[in-house]
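Trainee: Sharing target-v5.cif (mmCIF, C-alpha atoms and all ligand atoms) below.
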```cif
data_structure
#
loop_
_atom_site.label_atom_id
_atom_site.label_comp_id
_atom_site.auth_asym_id
_atom_site.auth_seq_id
_atom_site.Cartn_x
_atom_site.Cartn_y
_atom_site.Cartn_z
CA MET A 230 8.82 6.35 11.69
CA SER A 231 11.50 3.93 12.88
CA LYS A 232 10.25 3.21 16.41
CA THR A 233 8.30 0.03 16.81
CA ARG A 234 6.43 -1.56 19.69
CA LEU A 235 6.83 -5.05 18.24
CA LYS A 236 9.70 -7.40 18.94
CA ILE A 237 10.56 -9.18 15.70
CA PRO A 238 12.25 -12.56 16.28
CA GLU A 239 15.90 -12.57 15.24
CA HIS A 240 15.62 -15.29 12.60
CA ILE A 241 13.14 -13.27 10.51
CA ALA A 242 14.23 -9.75 11.48
CA PRO A 243 16.39 -9.27 8.33
CA TYR A 244 13.30 -9.63 6.12
CA LEU A 245 10.82 -7.38 7.91
CA VAL A 246 10.84 -3.66 8.60
CA ALA A 247 8.64 -2.62 11.52
CA GLU A 248 7.55 0.98 12.02
CA TYR A 249 5.24 2.78 14.38
CA CYS A 250 3.60 5.39 12.15
CA ASP A 251 2.58 7.93 14.79
CA ASP A 252 4.26 10.70 12.79
CA PHE A 253 2.41 9.84 9.56
CA PRO A 254 2.12 13.09 7.53
CA LEU A 255 -1.65 13.28 7.92
CA ALA A 256 -1.94 16.97 7.01
CA ARG A 257 -0.71 16.18 3.48
CA TYR A 258 -2.50 12.88 3.03
CA PHE A 259 -5.63 12.78 0.92
CA VAL A 260 -8.12 10.02 1.75
CA SER A 261 -10.13 9.03 -1.32
CA LYS A 262 -13.62 7.48 -1.47
CA THR A 263 -12.11 4.08 -2.33
CA GLN A 264 -9.78 4.27 0.64
CA ILE A 265 -12.64 5.11 3.00
CA GLU A 266 -14.52 2.05 1.68
CA ILE A 267 -11.50 -0.21 2.28
CA ILE A 268 -11.03 1.09 5.81
CA GLU A 269 -14.71 0.56 6.56
CA ASP A 270 -14.51 -3.04 5.30
CA VAL A 271 -11.37 -3.80 7.32
CA LEU A 272 -12.75 -2.11 10.43
CA ARG A 273 -16.10 -3.91 10.26
CA ALA A 274 -14.36 -7.27 9.88
CA GLN A 275 -12.07 -6.57 12.87
CA GLU A 276 -15.10 -5.59 14.95
CA VAL A 277 -17.19 -8.67 14.19
CA LYS A 278 -14.37 -11.22 14.16
CA GLU A 279 -14.90 -12.30 17.76
CA LYS A 280 -18.63 -12.78 17.12
CA LEU A 281 -17.95 -14.79 13.95
CA VAL A 282 -16.00 -17.35 16.01
CA LYS A 283 -19.28 -18.13 17.85
CA TYR A 284 -20.62 -19.33 14.48
CA GLY A 285 -17.50 -21.38 13.82
CA VAL A 286 -16.24 -18.85 11.29
CA TYR A 287 -12.64 -17.68 11.35
CA TYR A 288 -12.12 -14.61 9.23
CA LEU A 289 -8.67 -13.55 8.06
CA ASN A 290 -8.54 -9.82 7.55
CA SER A 291 -6.62 -9.81 4.29
CA THR A 292 -6.88 -7.21 1.53
CA LEU A 293 -5.19 -7.24 -1.85
CA LEU A 294 -4.55 -3.75 -3.19
CA TYR A 295 -3.74 -3.51 -6.86
CA GLY A 296 -3.21 -0.68 -9.28
CA VAL A 297 -0.66 0.97 -11.50
CA PRO A 298 2.60 2.25 -9.94
CA GLY A 299 2.27 5.44 -7.94
CA THR A 300 -1.41 5.18 -6.99
CA GLY A 301 -0.58 5.14 -3.29
CA LYS A 302 -0.82 1.45 -2.32
CA THR A 303 2.19 1.30 0.00
CA THR A 304 1.47 4.72 1.52
CA PHE A 305 -2.12 3.65 2.19
CA GLY A 306 -0.78 0.69 4.22
CA ARG A 307 1.09 3.16 6.43
CA TYR A 308 -1.99 5.33 6.72
CA MET A 309 -4.00 2.30 7.84
CA ALA A 310 -1.39 1.51 10.49
CA TYR A 311 -1.70 5.10 11.71
CA TYR A 312 -5.49 4.92 11.59
CA PHE A 313 -5.70 1.65 13.53
CA ASP A 314 -2.82 2.67 15.83
CA LEU A 315 -0.96 -0.53 15.01
CA ASP A 316 2.64 -1.16 14.06
CA PHE A 317 3.30 -1.34 10.34
CA VAL A 318 5.37 -4.33 9.34
CA TYR A 319 6.70 -4.20 5.82
CA ILE A 320 7.80 -7.24 3.85
CA ASN A 321 9.15 -6.61 0.38
CA PHE A 322 8.83 -9.87 -1.50
CA ALA A 323 11.03 -8.83 -4.38
CA LYS A 324 13.92 -8.22 -1.94
CA LEU A 325 13.18 -11.31 0.11
CA PHE A 326 13.26 -13.47 -2.99
CA ASP A 327 16.64 -12.10 -4.09
CA GLY A 328 18.10 -12.30 -0.58
CA VAL A 329 17.35 -15.92 0.29
CA PHE A 330 16.98 -17.58 -3.08
CA GLY A 331 16.66 -21.36 -2.65
CA LYS A 332 15.23 -21.24 0.85
CA THR A 333 12.60 -18.53 0.49
CA ALA A 334 9.66 -20.89 1.17
CA GLY A 335 11.07 -21.76 4.64
CA VAL A 336 11.60 -18.09 5.54
CA ILE A 337 8.07 -17.28 4.36
CA SER A 338 6.58 -20.01 6.57
CA ASP A 339 8.44 -18.53 9.57
CA ILE A 340 7.16 -15.05 8.70
CA PHE A 341 3.55 -16.25 8.40
CA GLN A 342 3.79 -18.09 11.71
CA TYR A 343 4.96 -14.85 13.30
CA MET A 344 2.12 -12.92 11.64
CA ALA A 345 -0.43 -15.41 12.97
CA THR A 346 0.52 -14.52 16.55
CA SER A 347 0.97 -10.73 16.19
CA LYS A 348 -1.33 -7.75 16.14
CA ALA A 349 -0.08 -5.39 13.44
CA ILE A 350 -0.66 -4.27 9.89
CA PHE A 351 1.46 -6.58 7.73
CA MET A 352 2.20 -5.18 4.29
CA LEU A 353 3.10 -7.89 1.78
CA ASP A 354 4.50 -5.56 -0.84
CA GLU A 355 5.24 -6.46 -4.47
CA ILE A 356 3.63 -9.84 -3.85
CA ASP A 357 3.58 -10.48 -7.61
CA ALA A 358 7.36 -11.01 -7.43
CA ILE A 359 6.81 -14.40 -5.83
CA SER A 360 3.35 -15.38 -6.96
CA GLN A 361 3.29 -15.50 -10.71
CA LYS A 362 0.74 -17.75 -12.36
CA ARG A 363 2.02 -21.28 -12.00
CA GLY A 364 3.33 -22.69 -15.27
CA THR A 365 4.63 -19.28 -16.42
CA GLU A 366 7.84 -19.34 -14.39
CA SER A 367 11.13 -19.09 -16.29
CA ALA A 368 13.59 -22.00 -16.06
CA ALA A 369 16.15 -19.69 -14.39
CA THR A 370 14.26 -19.70 -11.07
CA GLY A 371 14.09 -23.50 -10.99
CA GLY A 372 10.55 -23.79 -9.61
CA GLU A 373 11.31 -21.54 -6.61
CA ILE A 374 8.42 -19.17 -7.37
CA SER A 375 5.90 -22.01 -7.63
CA ARG A 376 7.12 -23.43 -4.32
CA ILE A 377 6.73 -20.03 -2.66
CA THR A 378 3.25 -19.47 -4.14
CA VAL A 379 2.10 -22.83 -2.79
CA THR A 380 3.70 -22.09 0.61
CA ILE A 381 1.92 -18.75 0.88
CA MET A 382 -1.42 -20.33 0.00
CA GLN A 383 -0.91 -23.06 2.60
CA GLU A 384 0.10 -20.54 5.24
CA LEU A 385 -2.91 -18.34 4.48
CA ASP A 386 -5.17 -21.39 4.76
CA LEU A 387 -3.59 -22.26 8.12
CA MET A 388 -4.06 -18.70 9.34
CA LYS A 389 -7.72 -18.84 8.32
CA ARG A 390 -8.26 -21.68 10.76
CA LYS A 391 -6.91 -19.73 13.73
CA LYS A 392 -7.97 -16.67 15.66
CA VAL A 393 -5.62 -14.11 14.19
CA ASP A 394 -5.42 -10.40 15.07
CA ALA A 395 -3.09 -9.43 12.23
CA ILE A 396 -4.37 -7.34 9.33
CA LEU A 397 -2.75 -8.40 6.07
CA ILE A 398 -2.41 -6.11 3.07
CA GLY A 399 -0.97 -7.51 -0.14
CA CYS A 400 0.11 -5.01 -2.81
CA THR A 401 0.80 -5.45 -6.47
CA ASN A 402 1.00 -3.40 -9.62
CA ARG A 403 0.96 -6.64 -11.67
CA ILE A 404 -2.34 -8.31 -10.74
CA ASP A 405 -2.37 -9.64 -14.32
CA ILE A 406 0.55 -12.00 -13.64
CA MET A 407 -0.50 -13.11 -10.15
CA ASP A 408 -1.57 -16.66 -9.50
CA ASP A 409 -5.40 -16.86 -9.46
CA ALA A 410 -5.57 -19.31 -6.55
CA LEU A 411 -3.43 -17.00 -4.42
CA LYS A 412 -5.47 -13.92 -5.39
CA SER A 413 -8.66 -15.74 -4.41
CA ARG A 414 -7.36 -16.22 -0.84
CA PHE A 415 -7.52 -12.50 -0.07
CA SER A 416 -10.88 -11.63 1.51
CA ILE A 417 -11.03 -8.16 -0.08
CA LYS A 418 -9.57 -7.14 -3.45
CA LYS A 419 -9.57 -3.46 -4.36
CA GLU A 420 -8.03 -1.43 -7.11
CA LEU A 421 -6.43 1.88 -6.18
CA LYS A 422 -6.84 4.05 -9.27
CA ASP A 423 -5.77 7.54 -10.22
CA LEU A 424 -7.86 10.08 -8.33
CA ASP A 425 -10.75 11.63 -10.24
CA ASN A 426 -10.50 15.32 -11.14
CA SER A 427 -12.21 16.73 -8.07
CA GLU A 428 -10.20 14.41 -5.79
CA LYS A 429 -6.99 15.47 -7.53
CA GLN A 430 -7.80 19.10 -6.95
CA ALA A 431 -8.67 18.48 -3.29
CA TYR A 432 -5.39 16.57 -2.85
CA ILE A 433 -3.31 19.37 -4.36
CA GLN A 434 -5.11 22.03 -2.32
CA LEU A 435 -4.52 20.02 0.85
CA VAL A 436 -0.77 19.87 0.16
CA LEU A 437 -0.41 23.52 -0.89
CA ASN A 438 -2.51 24.74 2.05
CA ASP A 439 -0.35 22.76 4.44
CA MET A 440 2.77 24.28 2.84
CA GLY A 441 1.21 27.72 3.23
CA ILE A 442 1.49 28.46 -0.50
CA ALA A 443 -1.09 30.69 -2.16
CA TYR A 444 -2.39 29.34 -5.48
CA ASP A 445 -4.73 30.36 -8.25
CA ILE A 446 -7.72 28.02 -8.17
CA ASN A 447 -8.16 28.35 -11.96
CA ASN A 448 -4.59 27.17 -12.44
CA LEU A 449 -5.34 24.04 -10.37
CA ARG A 450 -8.61 23.44 -12.26
CA THR A 451 -6.83 23.66 -15.61
CA TYR A 452 -4.02 21.38 -14.39
CA CYS A 453 -6.53 18.72 -13.26
CA ALA A 454 -8.66 19.00 -16.41
CA ARG A 455 -5.67 18.68 -18.73
CA ASN A 456 -4.02 15.83 -16.88
CA ASN A 457 -6.75 13.41 -16.02
CA SER A 458 -4.63 10.29 -15.73
CA LEU A 459 -1.88 11.37 -13.37
CA THR A 460 -1.02 9.20 -10.40
CA GLN A 461 -0.41 10.63 -6.93
CA ARG A 462 3.32 10.07 -7.50
CA ALA A 463 3.25 12.10 -10.73
CA ILE A 464 1.32 14.92 -9.04
CA GLU A 465 3.77 14.90 -6.14
CA PHE A 466 6.66 15.26 -8.61
CA ASP A 467 4.87 18.12 -10.39
CA ILE A 468 4.32 19.95 -7.11
CA GLN A 469 8.00 19.51 -6.19
CA ARG A 470 9.27 20.64 -9.61
CA CYS A 471 6.99 23.69 -9.66
CA LEU A 472 7.97 24.51 -6.08
CA ILE A 473 11.66 24.49 -7.04
CA ARG A 474 10.91 26.75 -10.01
CA TRP A 475 8.83 29.09 -7.84
CA ILE A 476 11.50 29.35 -5.11
CA ALA A 477 14.23 29.95 -7.70
CA ALA A 478 12.08 32.71 -9.23
CA GLY A 479 11.82 34.52 -5.90
CA GLU A 480 9.02 32.76 -3.96
CA GLY A 481 6.48 35.32 -2.74
CA THR A 482 7.28 37.79 -5.54
CA VAL A 483 5.82 35.55 -8.27
CA PRO A 484 2.62 33.46 -8.31
CA PHE A 485 2.91 29.71 -7.76
CA GLU A 486 1.87 27.85 -10.88
CA LEU A 487 1.34 24.13 -11.31
CA ASP A 488 1.92 22.40 -14.63
CA HIS A 489 2.82 19.00 -16.01
CA ILE A 490 5.56 18.09 -18.47
CA ARG A 491 4.83 15.00 -20.53
CA GLU A 492 7.67 12.53 -20.24
CA GLN A 493 9.45 11.30 -23.35
CA THR A 494 9.04 7.57 -23.76
CA VAL A 495 12.39 5.94 -23.05
N1 LIG B 501 -3.51 9.64 -0.73
C1 LIG B 501 -2.36 10.29 -0.85
N2 LIG B 501 -2.20 11.53 -0.37
C2 LIG B 501 -1.01 12.17 -0.50
N3 LIG B 501 0.07 11.64 -1.10
C3 LIG B 501 -0.04 10.40 -1.60
C4 LIG B 501 -1.25 9.66 -1.49
N4 LIG B 501 -1.07 8.45 -2.05
C5 LIG B 501 0.19 8.44 -2.51
N5 LIG B 501 0.82 9.59 -2.22
C6 LIG B 501 2.19 9.90 -2.58
O1 LIG B 501 2.41 9.33 -3.87
C7 LIG B 501 3.65 8.64 -3.91
C8 LIG B 501 3.45 7.25 -4.46
O2 LIG B 501 2.75 6.46 -3.51
P1 LIG B 501 3.13 4.91 -3.23
O3 LIG B 501 4.60 4.72 -3.25
O4 LIG B 501 2.38 4.53 -2.02
O5 LIG B 501 2.49 4.24 -4.53
P2 LIG B 501 2.42 2.68 -4.91
O6 LIG B 501 1.06 2.46 -5.47
O7 LIG B 501 2.83 1.86 -3.75
O8 LIG B 501 3.47 2.59 -6.08
P3 LIG B 501 4.28 1.30 -6.62
O9 LIG B 501 3.26 0.40 -7.25
O10 LIG B 501 5.25 1.88 -7.59
O11 LIG B 501 4.94 0.66 -5.43
C9 LIG B 501 4.23 8.65 -2.50
O12 LIG B 501 5.40 9.44 -2.48
C10 LIG B 501 3.15 9.22 -1.62
O13 LIG B 501 3.67 10.16 -0.72
MG MG B 502 4.41 0.53 -3.49
#
```
Written as structure tokens, how would this file's structure read?
Ligand SMILES: Nc1ncnc2c1ncn2[C@@H]1O[C@H](COP(=O)(O)OP(=O)(O)OP(=O)(O)O)[C@@H](O)[C@H]1O
Ligand SMILES: [Mg+2]
Mentor:
Amino acid sequence: MSKTRLKIPEHIAPYLVAEYCDDFPLARYFVSKTQIEIIEDVLRAQEVKEKLVKYGVYYLNSTLLYGVPGTGKTTFGRYMAYYFDLDFVYINFAKLFDGVFGKTAGVISDIFQYMATSKAIFMLDEIDAISQKRGTESAATGGEISRITVTIMQELDLMKRKKVDAILIGCTNRIDIMDDALKSRFSIKKELKDLDNSEKQAYIQLVLNDMGIAYDINNLRTYCARNNSLTQRAIEFDIQRCLIRWIAAGEGTVPFELDHIREQTV
């Protein structure tokens, strides 16, 4: 997924990772009801954007995805890029903040100006790292986070007044600490939750079918019923661990069995 059709300007290239997701692992990707709803919203907005301009309305296609770690926010951004056949441009705000401390606001303005003139899916990942509620910032960061939050809001407002083709996706697993004024600037806000039991089972079956592994449906039912708050990441780890155990036990000679081991709190 390293090829890209976009040319990122040199001065911002260190802070963005562009990918063309044509080899997205679709056969092992489960699309949930919530994800279908988000795609429909984003698609509809892209389709009517031109017509909205006739009414003097400029719509910025910006979605804020929130949810606990491992619920598939970042992966969903890649899936959307695949779905819309657009490049996926990834900006990790936690890394950006550490890398250019003291001049982050300037770099962010440059990035937003680039976004305003590009057609791609822009993933603003871990956006909470630079958008904590104003007034809650620790003295150690010297007001840098507040400056960045204000810059992002101004840049989003500027983008809203232009005809922009970019699709923005902000991601956070700490919506609780995000600045309210910044949150309110995203047109769509959606929580990605753990899958429900039937979705979990469908997801696991999709993966095992694609791997060509025979399973006992009752085993999967029991696994889903017993573990109703597992994220996609946790399920993925369970599949991998049980796969290792199954291979070590002789693969085809023993049945594949899925289980979950509760982690000790550290
Ligand atoms: N819909 C899905 N179908 C198949 N696998 C998925 C799906 N969603 C997530 N995964 C898998 O679950 C793992 C966690 O997903 P991801 O990293 O996107 O979560 P996240 O919400 O961005 O987590 P964090 O908040 O920690 O950044 C990934 O390895 C991904 O492959
Ligand atoms: Mg993520």
Trainee: Which is closest to Thr333 (chain A) among A:Ile267, A:Ile473, A:Ile241, A:Ile398, if we use all atoms listed in the file?
Mentor: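 Among the listed residues, A:Ile241 lies closest to Thr333 (chain A).
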Trainee: Residues near Thr460 (chain A), anyone? I mean within 10 Å using all atoms listed in the file, not counting same-chain ones fewer than 5 positions away, as a ChimeraX atom specification.
Mentor: /A:297-301,422-424,429,465-466
Trainee: Would you mind reading off the distance between CA of Glu492 (chain A) and CA of Gln469 (chain A), one decimal, in Å?
Mentor: 15.7 Å
Trainee: So which one's closest to ligand MG 502 (chain B), A:Ile464, A:Leu387, A:Ile356, A:Cys471? Using only C-alpha atoms and all ligand atoms, please.
Mentor: A:Ile356
Trainee: With all atoms listed in the file counted, collect every polymer residue having an atom within 8 Å of ligand MG 502 (chain B); state the result as a PyMOL selection string.
Mentor: chain A and resi 298-299+301-304+354-355+400-401
Trainee: Please identify all polymer residues within 10 Å of region 430-439 of chain A, counting only C-alpha atoms, omitting same-chain residues fewer than 2 positions from it, and present them as a ChimeraX atom specification.
Mentor: /A:256-261,424-428,441-444,446,449-454,461,464-465,468,472,485,487
Trainee: Quick check, in Å to one decimal: how far apart do CA of Thr346 (chain A) and CA of Gln383 (chain A) lie?
Mentor: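 CA of Gln383 (chain A) lies at a distance of 16.4 Å from CA of Thr346 (chain A).
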Trainee: How many Å separate CA of Phe305 (chain A) from atom C9 of ligand LIG 501 (chain B)?
Mentor: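 Distance between the two atoms: 9.3 Å.
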Trainee: Give me the residues near Ser416 (chain A) as a tab-separated table (two decimals) with C-alpha atoms, keeping the file's coordinate frame, where near means some atom within 10 Å (using only C-alpha atoms) and where sequence neighbours in that chain fewer than 6 positions away do not count.
Mentor:
```tsv
chain	number	residue	atom	x	y	z
A	271	VAL	CA	-11.37	-3.80	7.32
A	288	TYR	CA	-12.12	-14.61	9.23
A	289	LEU	CA	-8.67	-13.55	8.06
A	290	ASN	CA	-8.54	-9.82	7.55
A	291	SER	CA	-6.62	-9.81	4.29
A	292	THR	CA	-6.88	-7.21	1.53
A	293	LEU	CA	-5.19	-7.24	-1.85
A	397	LEU	CA	-2.75	-8.40	6.07
```
Trainee: Using all atoms listed in the file, pick whichever of A:Ser338, A:Thr233, A:Asn402, A:Thr365 has the shortest atom-to-atom distance to ligand LIG 501 (chain B).
Mentor: A:Asn402
Trainee: Could you check the closest approach to ligand LIG 501 (chain B) for each of A:Val483, A:Ala323, A:Met382, A:Val246 and tell me which residue wins, using all atoms listed in the file?
Mentor: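 Closest to ligand LIG 501 (chain B) of all the choices is A:Ala323.
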Trainee: Considering all atoms listed in the file, can you say which of A:Arg390, A:Lys280, A:Lys418, A:Arg403 comes closest to ligand LIG 501 (chain B)?
Mentor: A:Arg403
Trainee: Just need the box for ligand LIG 501 (chain B), edges along x, y and z, holding every atom the file lists for it with 6 Å tacked onto each side, so centre and edge lengths in Å to one decimal, as lines of an AutoDock Vina configuration file.
Mentor:
```
center_x = 0.9
center_y = 6.3
center_z = -4.0
size_x = 20.9
size_y = 23.8
size_z = 19.2
```
Trainee: Using only C-alpha atoms and all ligand atoms, pick whichever of A:Met407, A:Leu421, A:Thr378, A:Ile350 has the shortest atom-to-atom distance to ligand LIG 501 (chain B).
Mentor: A:Leu421
Trainee: So that I can check the surroundings of Glu384 (chain A), please list as a PyMOL selection string every protein, DNA and RNA residue that reaches within 9 Å of it, counting all atoms listed in the file and ignoring chain neighbours fewer than 2 positions away.
Mentor: chain A and resi 337-338+341-342+379-382+386-389
Trainee: Residues around (0.1, -3.5, 9.6), cut-off 12 Å, counting all atoms listed in the file - what are they as JSON, numbers by chain?
Mentor: {"A": [233, 235, 245, 246, 247, 248, 249, 250, 271, 290, 291, 292, 303, 304, 305, 306, 307, 308, 309, 310, 311, 312, 313, 314, 315, 316, 317, 318, 319, 320, 344, 347, 348, 349, 350, 351, 352, 353, 354, 394, 395, 396, 397, 398, 399]}
